[in-house]
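Source file: my_file-v1.cif (mmCIF, N, CA and C atoms)
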data_structure
#
loop_
_atom_site.label_atom_id
_atom_site.label_comp_id
_atom_site.auth_asym_id
_atom_site.auth_seq_id
_atom_site.Cartn_x
_atom_site.Cartn_y
_atom_site.Cartn_z
N MET A 548 8.08 -22.85 -27.48
CA MET A 548 7.17 -21.72 -27.62
C MET A 548 5.81 -22.05 -27.02
N HIS A 549 5.36 -23.29 -27.19
CA HIS A 549 4.07 -23.68 -26.65
C HIS A 549 4.08 -23.65 -25.12
N LEU A 550 5.20 -24.03 -24.53
CA LEU A 550 5.33 -23.99 -23.09
C LEU A 550 5.25 -22.54 -22.59
N LEU A 551 5.87 -21.64 -23.34
CA LEU A 551 5.83 -20.22 -22.98
C LEU A 551 4.41 -19.67 -23.05
N LEU A 552 3.68 -20.03 -24.10
CA LEU A 552 2.29 -19.59 -24.22
C LEU A 552 1.43 -20.17 -23.10
N LEU A 553 1.68 -21.41 -22.73
CA LEU A 553 0.95 -22.02 -21.63
C LEU A 553 1.24 -21.30 -20.31
N ALA A 554 2.51 -20.91 -20.11
CA ALA A 554 2.87 -20.17 -18.90
C ALA A 554 2.19 -18.81 -18.88
N PHE A 555 2.18 -18.11 -20.02
CA PHE A 555 1.50 -16.81 -20.08
C PHE A 555 0.00 -16.97 -19.82
N GLY A 556 -0.59 -18.03 -20.35
CA GLY A 556 -2.01 -18.28 -20.11
C GLY A 556 -2.30 -18.52 -18.64
N ALA A 557 -1.42 -19.28 -17.99
CA ALA A 557 -1.60 -19.55 -16.56
C ALA A 557 -1.46 -18.27 -15.74
N ILE A 558 -0.49 -17.43 -16.09
CA ILE A 558 -0.31 -16.16 -15.39
C ILE A 558 -1.52 -15.26 -15.60
N ALA A 559 -2.03 -15.21 -16.84
CA ALA A 559 -3.20 -14.39 -17.14
C ALA A 559 -4.43 -14.88 -16.37
N ALA A 560 -4.60 -16.21 -16.29
CA ALA A 560 -5.74 -16.76 -15.54
C ALA A 560 -5.62 -16.41 -14.06
N TRP A 561 -4.41 -16.53 -13.51
CA TRP A 561 -4.20 -16.16 -12.12
C TRP A 561 -4.50 -14.68 -11.91
N ALA A 562 -4.01 -13.82 -12.80
CA ALA A 562 -4.23 -12.38 -12.66
C ALA A 562 -5.71 -12.04 -12.77
N TRP A 563 -6.43 -12.72 -13.63
CA TRP A 563 -7.87 -12.48 -13.74
C TRP A 563 -8.59 -12.94 -12.48
N TRP A 564 -8.21 -14.11 -11.97
CA TRP A 564 -8.85 -14.67 -10.79
C TRP A 564 -8.65 -13.78 -9.57
N THR A 565 -7.46 -13.19 -9.44
CA THR A 565 -7.17 -12.32 -8.29
C THR A 565 -7.66 -10.90 -8.49
N GLY A 566 -8.18 -10.57 -9.68
CA GLY A 566 -8.73 -9.24 -9.92
C GLY A 566 -7.74 -8.24 -10.48
N ARG A 567 -6.52 -8.67 -10.75
CA ARG A 567 -5.52 -7.73 -11.23
C ARG A 567 -5.76 -7.30 -12.68
N LEU A 568 -6.39 -8.14 -13.48
CA LEU A 568 -6.63 -7.80 -14.88
C LEU A 568 -7.92 -7.02 -15.10
N ARG A 569 -8.75 -6.93 -14.10
CA ARG A 569 -10.02 -6.23 -14.28
C ARG A 569 -9.84 -4.74 -14.44
N ARG A 570 -8.70 -4.21 -14.00
CA ARG A 570 -8.42 -2.78 -14.15
C ARG A 570 -7.61 -2.50 -15.42
N SER A 571 -7.43 -3.51 -16.25
CA SER A 571 -6.61 -3.33 -17.45
C SER A 571 -7.43 -2.70 -18.57
N ASP A 572 -6.72 -2.12 -19.53
CA ASP A 572 -7.39 -1.56 -20.70
C ASP A 572 -6.77 -2.16 -21.96
N SER A 573 -7.17 -1.65 -23.12
CA SER A 573 -6.70 -2.24 -24.37
C SER A 573 -5.18 -2.09 -24.54
N GLY A 574 -4.61 -1.02 -24.02
CA GLY A 574 -3.16 -0.85 -24.10
C GLY A 574 -2.41 -1.92 -23.32
N ASP A 575 -2.96 -2.32 -22.18
CA ASP A 575 -2.33 -3.39 -21.40
C ASP A 575 -2.37 -4.70 -22.17
N TRP A 576 -3.49 -4.97 -22.83
CA TRP A 576 -3.60 -6.20 -23.62
C TRP A 576 -2.66 -6.16 -24.82
N ALA A 577 -2.50 -4.98 -25.42
CA ALA A 577 -1.56 -4.85 -26.53
C ALA A 577 -0.13 -5.09 -26.05
N ALA A 578 0.19 -4.62 -24.84
CA ALA A 578 1.52 -4.85 -24.29
C ALA A 578 1.76 -6.34 -24.03
N ILE A 579 0.75 -7.04 -23.55
CA ILE A 579 0.87 -8.48 -23.34
C ILE A 579 1.11 -9.19 -24.67
N ALA A 580 0.35 -8.79 -25.68
CA ALA A 580 0.53 -9.38 -27.02
C ALA A 580 1.93 -9.08 -27.56
N ALA A 581 2.44 -7.87 -27.30
CA ALA A 581 3.77 -7.50 -27.77
C ALA A 581 4.85 -8.33 -27.08
N VAL A 582 4.66 -8.63 -25.80
CA VAL A 582 5.63 -9.47 -25.09
C VAL A 582 5.64 -10.87 -25.69
N ILE A 583 4.45 -11.43 -25.94
CA ILE A 583 4.37 -12.76 -26.53
C ILE A 583 5.01 -12.77 -27.91
N LEU A 584 4.70 -11.76 -28.72
CA LEU A 584 5.27 -11.66 -30.05
C LEU A 584 6.79 -11.47 -29.98
N GLY A 585 7.25 -10.66 -29.01
CA GLY A 585 8.69 -10.46 -28.83
C GLY A 585 9.40 -11.75 -28.49
N PHE A 586 8.81 -12.56 -27.60
CA PHE A 586 9.42 -13.85 -27.27
C PHE A 586 9.44 -14.78 -28.48
N LYS A 587 8.37 -14.73 -29.27
CA LYS A 587 8.33 -15.57 -30.47
C LYS A 587 9.45 -15.16 -31.43
N TRP A 588 9.59 -13.86 -31.65
CA TRP A 588 10.65 -13.39 -32.55
C TRP A 588 12.03 -13.68 -31.99
N PHE A 589 12.18 -13.53 -30.67
CA PHE A 589 13.47 -13.80 -30.05
C PHE A 589 13.85 -15.27 -30.20
N SER A 590 12.87 -16.14 -30.00
CA SER A 590 13.17 -17.57 -30.10
C SER A 590 13.42 -18.01 -31.54
N SER A 591 12.93 -17.23 -32.52
CA SER A 591 13.16 -17.59 -33.92
C SER A 591 14.39 -16.88 -34.50
N GLY A 592 15.13 -16.15 -33.66
CA GLY A 592 16.37 -15.54 -34.10
C GLY A 592 16.23 -14.13 -34.65
N GLN A 593 15.08 -13.52 -34.52
CA GLN A 593 14.88 -12.14 -35.00
C GLN A 593 14.98 -11.19 -33.81
N GLY A 594 16.19 -11.03 -33.31
CA GLY A 594 16.44 -10.26 -32.09
C GLY A 594 16.09 -8.79 -32.19
N ILE A 595 16.30 -8.18 -33.36
CA ILE A 595 16.01 -6.75 -33.51
C ILE A 595 14.51 -6.49 -33.34
N LEU A 596 13.69 -7.31 -33.99
CA LEU A 596 12.24 -7.14 -33.85
C LEU A 596 11.79 -7.40 -32.42
N ALA A 597 12.41 -8.38 -31.78
CA ALA A 597 12.07 -8.67 -30.38
C ALA A 597 12.44 -7.49 -29.49
N LEU A 598 13.60 -6.89 -29.70
CA LEU A 598 14.01 -5.73 -28.90
C LEU A 598 13.06 -4.55 -29.12
N ILE A 599 12.59 -4.37 -30.34
CA ILE A 599 11.63 -3.29 -30.60
C ILE A 599 10.34 -3.53 -29.80
N CYS A 600 9.87 -4.78 -29.81
CA CYS A 600 8.67 -5.12 -29.03
C CYS A 600 8.89 -4.87 -27.54
N PHE A 601 10.02 -5.32 -27.02
CA PHE A 601 10.29 -5.16 -25.60
C PHE A 601 10.46 -3.68 -25.22
N ALA A 602 11.06 -2.90 -26.12
CA ALA A 602 11.19 -1.46 -25.86
C ALA A 602 9.82 -0.80 -25.82
N GLY A 603 8.93 -1.21 -26.70
CA GLY A 603 7.57 -0.67 -26.68
C GLY A 603 6.83 -1.02 -25.40
N VAL A 604 7.01 -2.23 -24.94
CA VAL A 604 6.37 -2.65 -23.69
C VAL A 604 6.96 -1.87 -22.51
N ALA A 605 8.25 -1.66 -22.51
CA ALA A 605 8.89 -0.88 -21.44
C ALA A 605 8.37 0.55 -21.44
N ALA A 606 8.21 1.14 -22.63
CA ALA A 606 7.67 2.50 -22.72
C ALA A 606 6.23 2.54 -22.20
N TRP A 607 5.44 1.52 -22.54
CA TRP A 607 4.06 1.47 -22.05
C TRP A 607 4.02 1.33 -20.53
N ALA A 608 4.90 0.51 -19.98
CA ALA A 608 4.94 0.32 -18.53
C ALA A 608 5.32 1.63 -17.83
N ALA A 609 6.27 2.36 -18.40
CA ALA A 609 6.64 3.65 -17.81
C ALA A 609 5.48 4.64 -17.87
N TYR A 610 4.76 4.64 -18.98
CA TYR A 610 3.61 5.53 -19.13
C TYR A 610 2.53 5.18 -18.11
N ARG A 611 2.25 3.88 -17.95
CA ARG A 611 1.21 3.47 -17.00
C ARG A 611 1.59 3.80 -15.56
N SER A 612 2.87 3.66 -15.22
CA SER A 612 3.27 4.00 -13.85
C SER A 612 3.13 5.49 -13.60
N GLN A 613 3.38 6.31 -14.61
CA GLN A 613 3.16 7.75 -14.47
C GLN A 613 1.67 8.06 -14.31
N GLN A 614 0.81 7.34 -15.00
CA GLN A 614 -0.63 7.53 -14.87
C GLN A 614 -1.06 7.28 -13.44
N PHE A 615 -0.55 6.22 -12.82
CA PHE A 615 -0.95 5.90 -11.46
C PHE A 615 -0.40 6.93 -10.47
N ARG A 616 0.79 7.43 -10.71
CA ARG A 616 1.33 8.46 -9.81
C ARG A 616 0.55 9.75 -9.91
N ARG A 617 0.11 10.12 -11.13
CA ARG A 617 -0.66 11.35 -11.30
C ARG A 617 -2.05 11.23 -10.68
N ALA A 618 -2.53 10.02 -10.52
CA ALA A 618 -3.87 9.82 -9.99
C ALA A 618 -3.96 10.12 -8.49
N MET A 619 -2.81 10.23 -7.82
CA MET A 619 -2.84 10.51 -6.39
C MET A 619 -3.35 11.92 -6.14
N MET A 620 -4.15 12.06 -5.12
CA MET A 620 -4.71 13.37 -4.80
C MET A 620 -3.82 14.10 -3.81
N PRO A 621 -3.89 15.43 -3.81
CA PRO A 621 -3.11 16.20 -2.83
C PRO A 621 -3.63 15.95 -1.41
N VAL A 622 -2.78 16.20 -0.43
CA VAL A 622 -3.13 15.96 0.97
C VAL A 622 -4.32 16.83 1.38
N ALA A 623 -4.35 18.09 0.93
CA ALA A 623 -5.45 18.97 1.30
C ALA A 623 -6.79 18.44 0.78
N GLU A 624 -6.78 17.91 -0.42
CA GLU A 624 -8.01 17.33 -0.98
C GLU A 624 -8.42 16.08 -0.21
N ALA A 625 -7.46 15.29 0.22
CA ALA A 625 -7.76 14.09 1.00
C ALA A 625 -8.37 14.47 2.34
N ARG A 626 -7.83 15.51 2.98
CA ARG A 626 -8.40 15.97 4.25
C ARG A 626 -9.83 16.46 4.07
N GLU A 627 -10.05 17.21 3.00
CA GLU A 627 -11.39 17.74 2.73
C GLU A 627 -12.38 16.60 2.45
N LEU A 628 -11.95 15.61 1.70
CA LEU A 628 -12.83 14.49 1.36
C LEU A 628 -13.25 13.71 2.60
N LEU A 629 -12.30 13.46 3.51
CA LEU A 629 -12.62 12.73 4.73
C LEU A 629 -13.20 13.62 5.83
N GLY A 630 -13.05 14.92 5.67
CA GLY A 630 -13.60 15.85 6.66
C GLY A 630 -12.81 15.89 7.95
N VAL A 631 -11.48 15.81 7.86
CA VAL A 631 -10.63 15.88 9.05
C VAL A 631 -9.72 17.09 8.93
N ASP A 632 -9.26 17.59 10.08
CA ASP A 632 -8.35 18.74 10.04
C ASP A 632 -6.90 18.27 9.92
N GLU A 633 -6.00 19.24 9.86
CA GLU A 633 -4.59 18.88 9.62
C GLU A 633 -3.91 18.26 10.83
N ASN A 634 -4.52 18.36 12.00
CA ASN A 634 -3.94 17.76 13.21
C ASN A 634 -4.55 16.41 13.54
N ALA A 635 -5.28 15.81 12.61
CA ALA A 635 -5.95 14.53 12.87
C ALA A 635 -4.93 13.42 13.04
N ASP A 636 -5.21 12.56 14.03
CA ASP A 636 -4.33 11.41 14.24
C ASP A 636 -4.87 10.20 13.47
N GLN A 637 -4.18 9.07 13.59
CA GLN A 637 -4.56 7.86 12.85
C GLN A 637 -5.96 7.38 13.21
N ASP A 638 -6.31 7.43 14.49
CA ASP A 638 -7.63 6.96 14.89
C ASP A 638 -8.74 7.83 14.33
N THR A 639 -8.54 9.13 14.31
CA THR A 639 -9.53 10.05 13.76
C THR A 639 -9.70 9.83 12.26
N ILE A 640 -8.60 9.62 11.57
CA ILE A 640 -8.65 9.38 10.12
C ILE A 640 -9.38 8.08 9.84
N ARG A 641 -9.07 7.05 10.60
CA ARG A 641 -9.73 5.75 10.38
C ARG A 641 -11.22 5.82 10.70
N ALA A 642 -11.59 6.56 11.75
CA ALA A 642 -13.02 6.69 12.10
C ALA A 642 -13.76 7.47 11.01
N ALA A 643 -13.16 8.54 10.51
CA ALA A 643 -13.80 9.30 9.43
C ALA A 643 -13.93 8.45 8.18
N HIS A 644 -12.92 7.65 7.90
CA HIS A 644 -12.97 6.76 6.73
C HIS A 644 -14.10 5.75 6.88
N ARG A 645 -14.22 5.14 8.07
CA ARG A 645 -15.28 4.14 8.28
C ARG A 645 -16.67 4.75 8.10
N ARG A 646 -16.87 5.95 8.64
CA ARG A 646 -18.18 6.60 8.50
C ARG A 646 -18.51 6.89 7.04
N LEU A 647 -17.52 7.40 6.31
CA LEU A 647 -17.76 7.79 4.92
C LEU A 647 -17.87 6.58 4.00
N ILE A 648 -17.04 5.58 4.19
CA ILE A 648 -17.07 4.42 3.30
C ILE A 648 -18.36 3.63 3.48
N ALA A 649 -18.94 3.68 4.67
CA ALA A 649 -20.22 3.00 4.89
C ALA A 649 -21.31 3.60 4.02
N ARG A 650 -21.21 4.89 3.71
CA ARG A 650 -22.21 5.55 2.86
C ARG A 650 -21.92 5.43 1.38
N VAL A 651 -20.65 5.41 0.97
CA VAL A 651 -20.31 5.48 -0.45
C VAL A 651 -19.86 4.16 -1.05
N HIS A 652 -19.79 3.10 -0.26
CA HIS A 652 -19.35 1.81 -0.78
C HIS A 652 -20.35 1.29 -1.82
N PRO A 653 -19.86 0.65 -2.90
CA PRO A 653 -20.77 0.12 -3.93
C PRO A 653 -21.80 -0.86 -3.39
N ASP A 654 -21.46 -1.62 -2.36
CA ASP A 654 -22.42 -2.55 -1.77
C ASP A 654 -23.55 -1.83 -1.05
N ALA A 655 -23.31 -0.57 -0.66
CA ALA A 655 -24.33 0.23 0.03
C ALA A 655 -25.02 1.19 -0.95
N GLY A 656 -24.81 1.00 -2.24
CA GLY A 656 -25.47 1.84 -3.23
C GLY A 656 -24.62 3.00 -3.72
N GLY A 657 -23.39 3.11 -3.27
CA GLY A 657 -22.50 4.18 -3.71
C GLY A 657 -21.77 3.81 -4.99
N SER A 658 -20.87 4.68 -5.39
CA SER A 658 -20.14 4.43 -6.63
C SER A 658 -18.76 3.84 -6.32
N GLU A 659 -18.28 3.04 -7.25
CA GLU A 659 -16.97 2.41 -7.09
C GLU A 659 -15.87 3.47 -7.13
N GLU A 660 -16.02 4.47 -7.97
CA GLU A 660 -15.01 5.53 -8.09
C GLU A 660 -14.89 6.33 -6.79
N LEU A 661 -16.02 6.69 -6.20
CA LEU A 661 -15.97 7.46 -4.95
C LEU A 661 -15.37 6.62 -3.82
N ALA A 662 -15.71 5.35 -3.77
CA ALA A 662 -15.12 4.47 -2.75
C ALA A 662 -13.61 4.37 -2.94
N ARG A 663 -13.16 4.31 -4.20
CA ARG A 663 -11.73 4.25 -4.47
C ARG A 663 -11.05 5.54 -4.00
N ARG A 664 -11.70 6.68 -4.24
CA ARG A 664 -11.12 7.96 -3.82
C ARG A 664 -11.07 8.08 -2.29
N VAL A 665 -12.11 7.60 -1.61
CA VAL A 665 -12.13 7.64 -0.15
C VAL A 665 -11.02 6.76 0.42
N ASN A 666 -10.84 5.58 -0.15
CA ASN A 666 -9.75 4.70 0.30
C ASN A 666 -8.39 5.33 0.04
N ALA A 667 -8.23 5.97 -1.12
CA ALA A 667 -6.96 6.63 -1.45
C ALA A 667 -6.70 7.78 -0.48
N ALA A 668 -7.75 8.53 -0.14
CA ALA A 668 -7.59 9.64 0.80
C ALA A 668 -7.11 9.12 2.16
N ARG A 669 -7.70 8.01 2.62
CA ARG A 669 -7.27 7.42 3.90
C ARG A 669 -5.79 7.04 3.84
N GLU A 670 -5.38 6.37 2.76
CA GLU A 670 -3.99 5.94 2.66
C GLU A 670 -3.03 7.13 2.62
N ILE A 671 -3.40 8.17 1.89
CA ILE A 671 -2.55 9.36 1.80
C ILE A 671 -2.40 10.02 3.16
N LEU A 672 -3.52 10.18 3.88
CA LEU A 672 -3.45 10.84 5.19
C LEU A 672 -2.72 9.98 6.22
N LEU A 673 -2.94 8.68 6.19
CA LEU A 673 -2.22 7.82 7.13
C LEU A 673 -0.72 7.83 6.86
N SER A 674 -0.34 7.88 5.59
CA SER A 674 1.10 7.94 5.29
C SER A 674 1.69 9.28 5.73
N GLU A 675 0.90 10.35 5.64
CA GLU A 675 1.38 11.65 6.12
C GLU A 675 1.56 11.64 7.63
N VAL A 676 0.64 11.03 8.35
CA VAL A 676 0.75 10.96 9.81
C VAL A 676 1.97 10.12 10.20
N ARG A 677 2.19 9.03 9.48
CA ARG A 677 3.36 8.18 9.78
C ARG A 677 4.66 8.92 9.53
N LYS A 678 4.69 9.78 8.54
CA LYS A 678 5.91 10.56 8.26
C LYS A 678 6.20 11.54 9.38
N GLN A 679 5.15 12.04 10.04
CA GLN A 679 5.33 13.06 11.07
C GLN A 679 5.69 12.49 12.43
N VAL A 680 5.49 11.19 12.64
CA VAL A 680 5.80 10.57 13.92
C VAL A 680 7.31 10.44 14.02
N PRO A 681 7.91 11.03 15.08
CA PRO A 681 9.37 10.92 15.21
C PRO A 681 9.79 9.51 15.59
N GLU A 682 10.98 9.12 15.13
CA GLU A 682 11.54 7.81 15.45
C GLU A 682 11.91 7.77 16.91
N ARG A 683 11.67 6.62 17.55
CA ARG A 683 12.06 6.44 18.94
C ARG A 683 13.51 6.00 19.00
N SER A 684 14.29 6.63 19.84
CA SER A 684 15.67 6.19 20.01
C SER A 684 15.76 5.34 21.27
N GLU A 685 16.40 4.22 21.13
CA GLU A 685 16.48 3.29 22.28
C GLU A 685 17.89 3.10 22.71
#

Could you take the file, read its structure, and then write that structure out as structure tokens?
Amino acid sequence: MHLLLLAFGAIAAWAWWTGRLRRSDSGDWAAIAAVILGFKWFSSGQGILALICFAGVAAWAAYRSQQFRRAMMPVAEARELLGVDENADQDTIRAAHRRLIARVHPDAGGSEELARRVNAAREILLSEVRKQVPERSE
């Protein structure tokens, strides 16, 4: 059990160092605690309690993935945010993104949320352009 806790601690330290835990909230920490508790119960022979913990963590993970999917903006909103029309190509989208992110980036005095939205808009529009490019047959 101590080795397992040490492994979880190392993973948590790595996730914090790389910035992955900075976007976490109290529910994420509760899920981590539930996983540790579930492993403890599983290793002590209390499989039913461990399964309940793991089921709760799985439900939380499904809920969080739905949260991230809902956070995506519609294509029309992404175009409006970057100020490009529907026929914009990849270079136009990237140029509009560079101009806008230079103004709204947190290092330039902008907000982190707006910079995140501008980056998301760029990714959404670039993925739309990639979908529209026909495959080359060779």

Quiz item: atom N of A:Ala581 and atom C of A:Ala597, how far apart in Å?
Solution: 10.2 Å

Quiz item: What does the PyMOL selection byres ((chain A and resi 660-670) around 7) select in this file, as a PyMOL selection string?
Solution: chain A and resi 620+624-626+628-629+640-641+644+648+651-653+657-659+671-675

Practice problem: For atom N of A:Ile579 and atom C of A:Ser591, quote the distance in Å rounded to one decimal. | Solution: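 Atom N of A:Ile579 sits 20.1 Å away from atom C of A:Ser591.
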
Quiz item: Rounded to one decimal in Å, what is the spacing between atom CA of A:Ala602 and atom N of A:Trp561?
Solution: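 If I compute the distance from atom CA of A:Ala602 to atom N of A:Trp561, I get 25.0 Å.
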
Practice problem: List every residue of chain A that DSSP, applied to the backbone of this structure, places in helix (DSSP H, G or I), and write the result as a PyMOL selection string. | Solution: chain A and resi 549-565+573-590+594-617+622-629+637-651+653-655+659-679

Quiz item: If we count only C-alpha atoms, what is near A:Val582 at a cut-off of 10 Å, once residues fewer than 6 positions away on the same chain are taken out, given as a ChimeraX atom specification?
Solution: /A:555,576,588,597-598,600-605

Quiz prompt | Counting only C-alpha atoms, the option among A:Met619, A:Leu647, A:Gln593, A:Ala562 closest to A:Val631 | solution =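 Checking each candidate against A:Val631, we get A:Leu647 as the closest.
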
Self-check item: Residue neighbourhood A:Ala606, 12 Å, only C-alpha atoms, exclusion window fewer than 6 positions, as a list in words
Solution: Gly574, Asp575, Ala578, Ala581, Ile599, Cys600, Ser612 and Gln613 of chain A

Exercise. Considering only C-alpha atoms, state which residue in the set A:Gln679, A:Ala609, A:Asp654, A:Leu596 is at the smallest distance from A:Ala635.
Key: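 For A:Ala635, the nearest of the given residues is A:Gln679.
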
Written record: stretch 626-649 of chain A, N, CA and C atoms, as a CSV table (one decimal), in the first residue's frame:
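Contents of out.csv, freshly written:
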chain,number,residue,atom,x,y,z
A,626,ARG,N,-15.8,32.0,-35.7
A,626,ARG,CA,-15.5,32.9,-36.8
A,626,ARG,C,-15.7,34.4,-36.4
A,627,GLU,N,-16.8,34.6,-35.7
A,627,GLU,CA,-17.0,36.0,-35.2
A,627,GLU,C,-15.9,36.5,-34.2
A,628,LEU,N,-15.5,35.6,-33.4
A,628,LEU,CA,-14.4,36.0,-32.4
A,628,LEU,C,-13.1,36.3,-33.1
A,629,LEU,N,-12.7,35.5,-34.1
A,629,LEU,CA,-11.5,35.8,-34.8
A,629,LEU,C,-11.7,36.8,-35.9
A,630,GLY,N,-12.9,37.1,-36.3
A,630,GLY,CA,-13.2,38.1,-37.3
A,630,GLY,C,-12.8,37.6,-38.7
A,631,VAL,N,-13.1,36.3,-39.0
A,631,VAL,CA,-12.9,35.8,-40.4
A,631,VAL,C,-14.2,35.3,-41.0
A,632,ASP,N,-14.2,35.3,-42.3
A,632,ASP,CA,-15.5,34.8,-42.9
A,632,ASP,C,-15.5,33.3,-43.1
A,633,GLU,N,-16.5,32.8,-43.7
A,633,GLU,CA,-16.7,31.3,-43.8
A,633,GLU,C,-15.8,30.7,-44.8
A,634,ASN,N,-15.2,31.5,-45.7
A,634,ASN,CA,-14.3,31.0,-46.7
A,634,ASN,C,-12.8,31.2,-46.4
A,635,ALA,N,-12.5,31.5,-45.1
A,635,ALA,CA,-11.1,31.7,-44.7
A,635,ALA,C,-10.3,30.4,-44.7
A,636,ASP,N,-9.1,30.6,-45.2
A,636,ASP,CA,-8.2,29.4,-45.3
A,636,ASP,C,-7.4,29.4,-44.0
A,637,GLN,N,-6.5,28.4,-43.9
A,637,GLN,CA,-5.7,28.2,-42.7
A,637,GLN,C,-4.8,29.4,-42.4
A,638,ASP,N,-4.2,29.9,-43.5
A,638,ASP,CA,-3.3,31.1,-43.3
A,638,ASP,C,-4.0,32.3,-42.8
A,639,THR,N,-5.2,32.5,-43.3
A,639,THR,CA,-6.0,33.7,-42.8
A,639,THR,C,-6.4,33.5,-41.3
A,640,ILE,N,-6.8,32.3,-41.0
A,640,ILE,CA,-7.2,32.0,-39.6
A,640,ILE,C,-6.0,32.2,-38.7
A,641,ARG,N,-4.9,31.7,-39.1
A,641,ARG,CA,-3.7,31.8,-38.2
A,641,ARG,C,-3.2,33.2,-38.1
A,642,ALA,N,-3.4,34.0,-39.2
A,642,ALA,CA,-3.0,35.5,-39.1
A,642,ALA,C,-4.0,36.2,-38.2
A,643,ALA,N,-5.2,35.9,-38.3
A,643,ALA,CA,-6.2,36.6,-37.4
A,643,ALA,C,-6.0,36.2,-36.0
A,644,HIS,N,-5.6,34.9,-35.7
A,644,HIS,CA,-5.4,34.5,-34.4
A,644,HIS,C,-4.1,35.2,-33.8
A,645,ARG,N,-3.1,35.3,-34.6
A,645,ARG,CA,-1.9,36.0,-34.1
A,645,ARG,C,-2.2,37.4,-33.7
A,646,ARG,N,-2.9,38.1,-34.6
A,646,ARG,CA,-3.2,39.5,-34.3
A,646,ARG,C,-4.0,39.7,-33.0
A,647,LEU,N,-5.0,38.8,-32.8
A,647,LEU,CA,-5.9,38.9,-31.7
A,647,LEU,C,-5.2,38.4,-30.4
A,648,ILE,N,-4.5,37.4,-30.5
A,648,ILE,CA,-3.8,36.8,-29.3
A,648,ILE,C,-2.8,37.8,-28.7
A,649,ALA,N,-2.2,38.6,-29.6
A,649,ALA,CA,-1.2,39.6,-29.2
A,649,ALA,C,-1.8,40.6,-28.3
